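Quick notes on the structure that follows.
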Amino acid sequence: MRLEMFDPAPIGVVFTRGPEHRLAYTNAVYRKTFGDRPLGRPLRRTFPDLAQSGYFDIFDRVLATGEAEVLTAVPIDLDFADSPREETRYFTFSISRATVSDGSRGVLGVIVETTEQVTAARRIRVLSEERRRALLRYRSLVSAGSEMVWVTGPKGGVTEPSPGWQRVTGQSWEEFRDDGWIDAVHPDDRASVIERWSRTLREVQPRFTHTYRLRLATGGYRHFAVDAAPVRDGDTVIEWIGTCRDVEQEWQDARRERLLARATAVTADTARPDEMLAALTAVIVPELADNCTSYLLPQALHRTPGTALTAERVAAVPAQDPPLPPPHHAEHLGPDSALVRAADLRRPVHAVFPPGSPPPDIAPPGTGPWLAPDANSVVLLPVVVDGTTAALVVACVNDDRPPLGQSEISLLQTLLERAHTPLSNALEYQRTRQVALALQHSLLTEPRTSPASTSPSATGPAARPPKSAATGTTPSCCATAPPSSPSVTSQATTCPRRSP
């Protein structure tokens, strides 16, 4: 075998002679990679900078046994001729015993560098492991986290199950996948979220945020904040990942502040109780209820609990047609009316029921014009001022929204506190008027006597004036006394002015 035939080979070739493996031949590729090492020297002295001395033992075995050995993608650490510093590179070796043309035996090594392939493969393995661990972390977060995590394709459509979504909404994977998630969104919120999400996908916006109501597996709806972003590979969107976070309490707090501010604004210059209740009723609908009716109780101070009640309707506001009865109308309610019960209890009466099927005691016949045919809940709120039920507010919710809950009742009570001052003033005026009327009645019915008759008689107190023979009534202070009466002066008596 003539060694010169390997000169143009695109791979490295080396030949050593004898048991000391003296370097006898290297081709151009070998010299470019490992340097122009001096010929005639033993291999161990030729490569004093080789860190892996075990390679020399391979040459010994191959020469002794004649069995070829192949080493695949093994590392070599030394100062390479085409590199400015010592480094580790990878090569595949094929080492076999060979006889050259002069009959001498030696070891022939064919060397191919595989550094790029090994580095790429290692990088792929690292990336694969990182991706595997990231996926495991992601799945752990999805399973254990309080937020719902979901993944869609680049054009939308859910592509992976979401345990959080299934836990909250009750939707199965078959119901949730693709665009099935829309079925869990509140009907009133679907149009807006579909329009926003479609525009985000079409324009590939950097972020998608939205708040909508989701139907819960346990019934009812809660507000969730959605936050999503595209996942890119270079300039290409390969998927979207997003989360849904329960923000019901935050939404309730924001709504509370907004409604209280609005109630303060609309009642700022209102002093009359009926006008105040009418303004608050307009705030309640449609934010908290679909229908709302407010009543003043003119008999608040002198009505006996458990008896019939006359309520003056001062406001009736519906969210939509048909309209409620007009305000400023007296309704006479029997003792069994739910409104009477709320007034006597002085605490809210709350009922939740199947749409259109209110309990019979919540709306006796003829006493519930505020109860819509498809209502699912109603609350009767007494407005108590100084221990007296001075007004009643009835709020009703229809089947197209969740029933009234404790948070809505609490907010309604807070709003109605705005009417406390005018209602208190009205009750104080009513008390004052009742005192004046009682005083006037006392003055009108008090008997008038002569000075002589003021002293007690020997037989008892002074007798009352006789009743009129014509009318059978006792003369009032506004009547003119007969001229012959010795106990009445001829001067006219002035009647006390009646209270307005």
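Chains: A, B, ... in order of the structure tokens. Residues: from 1 per chain. Ligands: from 1, in order shown.
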Going by DSSP on the backbone, which residues of range 128-283 of chain A come out as alpha helix (DSSP H)? List them as a PyMOL selection string. chain A and resi 128-144+163-169+173-176+187-203+248-266+273-283
At a cut-off of 9 Å, can you tabulate as JSON lines every residue of range 231-304 of chain A near range 413-426 of chain A together with its closest atom pair and the distance in Å to one decimal, using only C-alpha atoms and ordering rows by chain then number?
```
{"residue": "A:Leu259", "atom": "CA", "partner": "A:Leu415", "partner_atom": "CA", "distance": 8.0}
{"residue": "A:Leu260", "atom": "CA", "partner": "A:Leu415", "partner_atom": "CA", "distance": 6.5}
{"residue": "A:Ala263", "atom": "CA", "partner": "A:Leu415", "partner_atom": "CA", "distance": 6.9}
{"residue": "A:Thr264", "atom": "CA", "partner": "A:Arg418", "partner_atom": "CA", "distance": 7.5}
{"residue": "A:Thr267", "atom": "CA", "partner": "A:Arg418", "partner_atom": "CA", "distance": 7.6}
{"residue": "A:Thr270", "atom": "CA", "partner": "A:Pro422", "partner_atom": "CA", "distance": 8.4}
{"residue": "A:Ala271", "atom": "CA", "partner": "A:Pro422", "partner_atom": "CA", "distance": 5.5}
{"residue": "A:Arg272", "atom": "CA", "partner": "A:Pro422", "partner_atom": "CA", "distance": 6.0}
{"residue": "A:Pro273", "atom": "CA", "partner": "A:Pro422", "partner_atom": "CA", "distance": 5.3}
{"residue": "A:Asp274", "atom": "CA", "partner": "A:Leu423", "partner_atom": "CA", "distance": 9.0}
{"residue": "A:Met276", "atom": "CA", "partner": "A:Ala419", "partner_atom": "CA", "distance": 6.1}
{"residue": "A:Leu277", "atom": "CA", "partner": "A:Ala419", "partner_atom": "CA", "distance": 6.7}
{"residue": "A:Leu280", "atom": "CA", "partner": "A:Leu415", "partner_atom": "CA", "distance": 7.2}
{"residue": "A:Val283", "atom": "CA", "partner": "A:Leu415", "partner_atom": "CA", "distance": 8.9}
{"residue": "A:Ile284", "atom": "CA", "partner": "A:Leu415", "partner_atom": "CA", "distance": 8.5}
```
Please build the interface table for range 385-457 of chain A against range 300-311 of chain A with a cut-off of 8 Å, listing for each qualifying residue the nearest atom pair and the distance in Å to one decimal; count only C-alpha atoms, order rows by chain and increasing number, and write it as JSON lines.
```
{"residue": "A:Thr388", "atom": "CA", "partner": "A:Ala300", "partner_atom": "CA", "distance": 6.5}
{"residue": "A:Thr389", "atom": "CA", "partner": "A:Ala300", "partner_atom": "CA", "distance": 6.2}
{"residue": "A:Ala390", "atom": "CA", "partner": "A:Ala300", "partner_atom": "CA", "distance": 5.6}
{"residue": "A:Leu427", "atom": "CA", "partner": "A:Leu301", "partner_atom": "CA", "distance": 7.8}
{"residue": "A:Arg431", "atom": "CA", "partner": "A:Leu301", "partner_atom": "CA", "distance": 7.7}
```
Enumerate as a PyMOL selection string all residues of range 45-116 of chain A assigned to strand (DSSP E or B) by DSSP on the backbone, naming them with the chain letters and numbers the document uses. chain A and resi 69-78+87-99+105-113
Give me the residues near Trp181 in chain A as a ChimeraX atom specification, where near means some atom within 9 Å (using only C-alpha atoms) and where sequence neighbours in that chain fewer than 4 positions away do not count. /A:157-158,165,171,175-177,185
Exercise: range 335-350 of chain A partners within 8 Å, only C-alpha atoms, chain neighbours under 2 positions left out, as a list in words: Pro305, Gly306, Thr307, Ala308, Leu309, Leu333, Val352, Asp361, Ile362, Ala363, Pro364, Thr367, Ser377, Val378, Val379, Leu380, Leu381, Pro382, Val383, Val384, Thr389 and Leu392 of chain A
Write out as a PyMOL selection string the residues lying within 9 Å of Val397 in chain A, counting only C-alpha atoms and excluding same-chain residues fewer than 4 positions away. chain A and resi 288-291+371-372+374-378+401-404
What's around Val112 in chain A at 6 Å? Count only C-alpha atoms, leave out sequence neighbours fewer than 6 positions away in its own chain, and write the answer as a PyMOL selection string. chain A and resi 11+91-92
Emit the selected residues as a PDB file, in the first residue's frame, including N, CA, C and O atoms.
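As written to disk, again03.pdb reads:
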```pdb
ATOM      1  N   ILE A  11     -10.364  13.617   4.497  1.00  0.00           N
ATOM      2  CA  ILE A  11     -10.352  13.266   5.904  1.00  0.00           C
ATOM      3  C   ILE A  11      -8.906  13.121   6.354  1.00  0.00           C
ATOM      4  O   ILE A  11      -7.993  12.981   5.531  1.00  0.00           O
ATOM      5  N   PHE A  91     -13.965  13.668  17.482  1.00  0.00           N
ATOM      6  CA  PHE A  91     -13.551  12.983  16.265  1.00  0.00           C
ATOM      7  C   PHE A  91     -14.050  11.533  16.297  1.00  0.00           C
ATOM      8  O   PHE A  91     -14.228  10.941  17.374  1.00  0.00           O
ATOM      9  N   THR A  92     -14.197  10.983  15.100  1.00  0.00           N
ATOM     10  CA  THR A  92     -14.457   9.549  14.957  1.00  0.00           C
ATOM     11  C   THR A  92     -13.214   8.916  14.343  1.00  0.00           C
ATOM     12  O   THR A  92     -12.743   9.365  13.282  1.00  0.00           O
TER      13      THR A  92
END
```
If you count only C-alpha atoms, which residues fall within 12 Å of Ile194 in chain A, apart from same-chain ones fewer than 4 positions away, as a short mmCIF file (atom, residue, chain, number, x, y, z; two decimals) with C-alpha atoms, in the first residue's frame?
```cif
data_model
loop_
_atom_site.label_atom_id
_atom_site.label_comp_id
_atom_site.auth_asym_id
_atom_site.auth_seq_id
_atom_site.Cartn_x
_atom_site.Cartn_y
_atom_site.Cartn_z
CA GLY A 156 -57.34 30.39 17.94
CA GLY A 157 -59.04 27.23 19.06
CA ASP A 179 -64.13 27.20 20.41
CA TRP A 181 -65.03 27.58 25.74
CA ILE A 182 -67.35 30.32 24.45
CA ASP A 183 -70.34 28.35 25.74
CA VAL A 185 -69.03 32.76 28.82
CA HIS A 186 -72.06 34.76 29.95
CA PRO A 187 -74.41 35.37 26.98
CA ASP A 188 -74.20 39.16 27.46
CA ASP A 189 -70.37 39.05 27.29
CA ARG A 190 -69.89 36.71 24.33
CA SER A 198 -60.73 37.77 16.77
CA ARG A 199 -59.11 41.18 16.25
CA THR A 200 -56.16 40.20 18.47
CA LEU A 201 -55.56 37.02 16.45
CA PHE A 208 -54.79 40.31 24.93
CA HIS A 210 -60.32 41.23 28.79
CA TYR A 212 -65.87 38.57 31.27
#
```
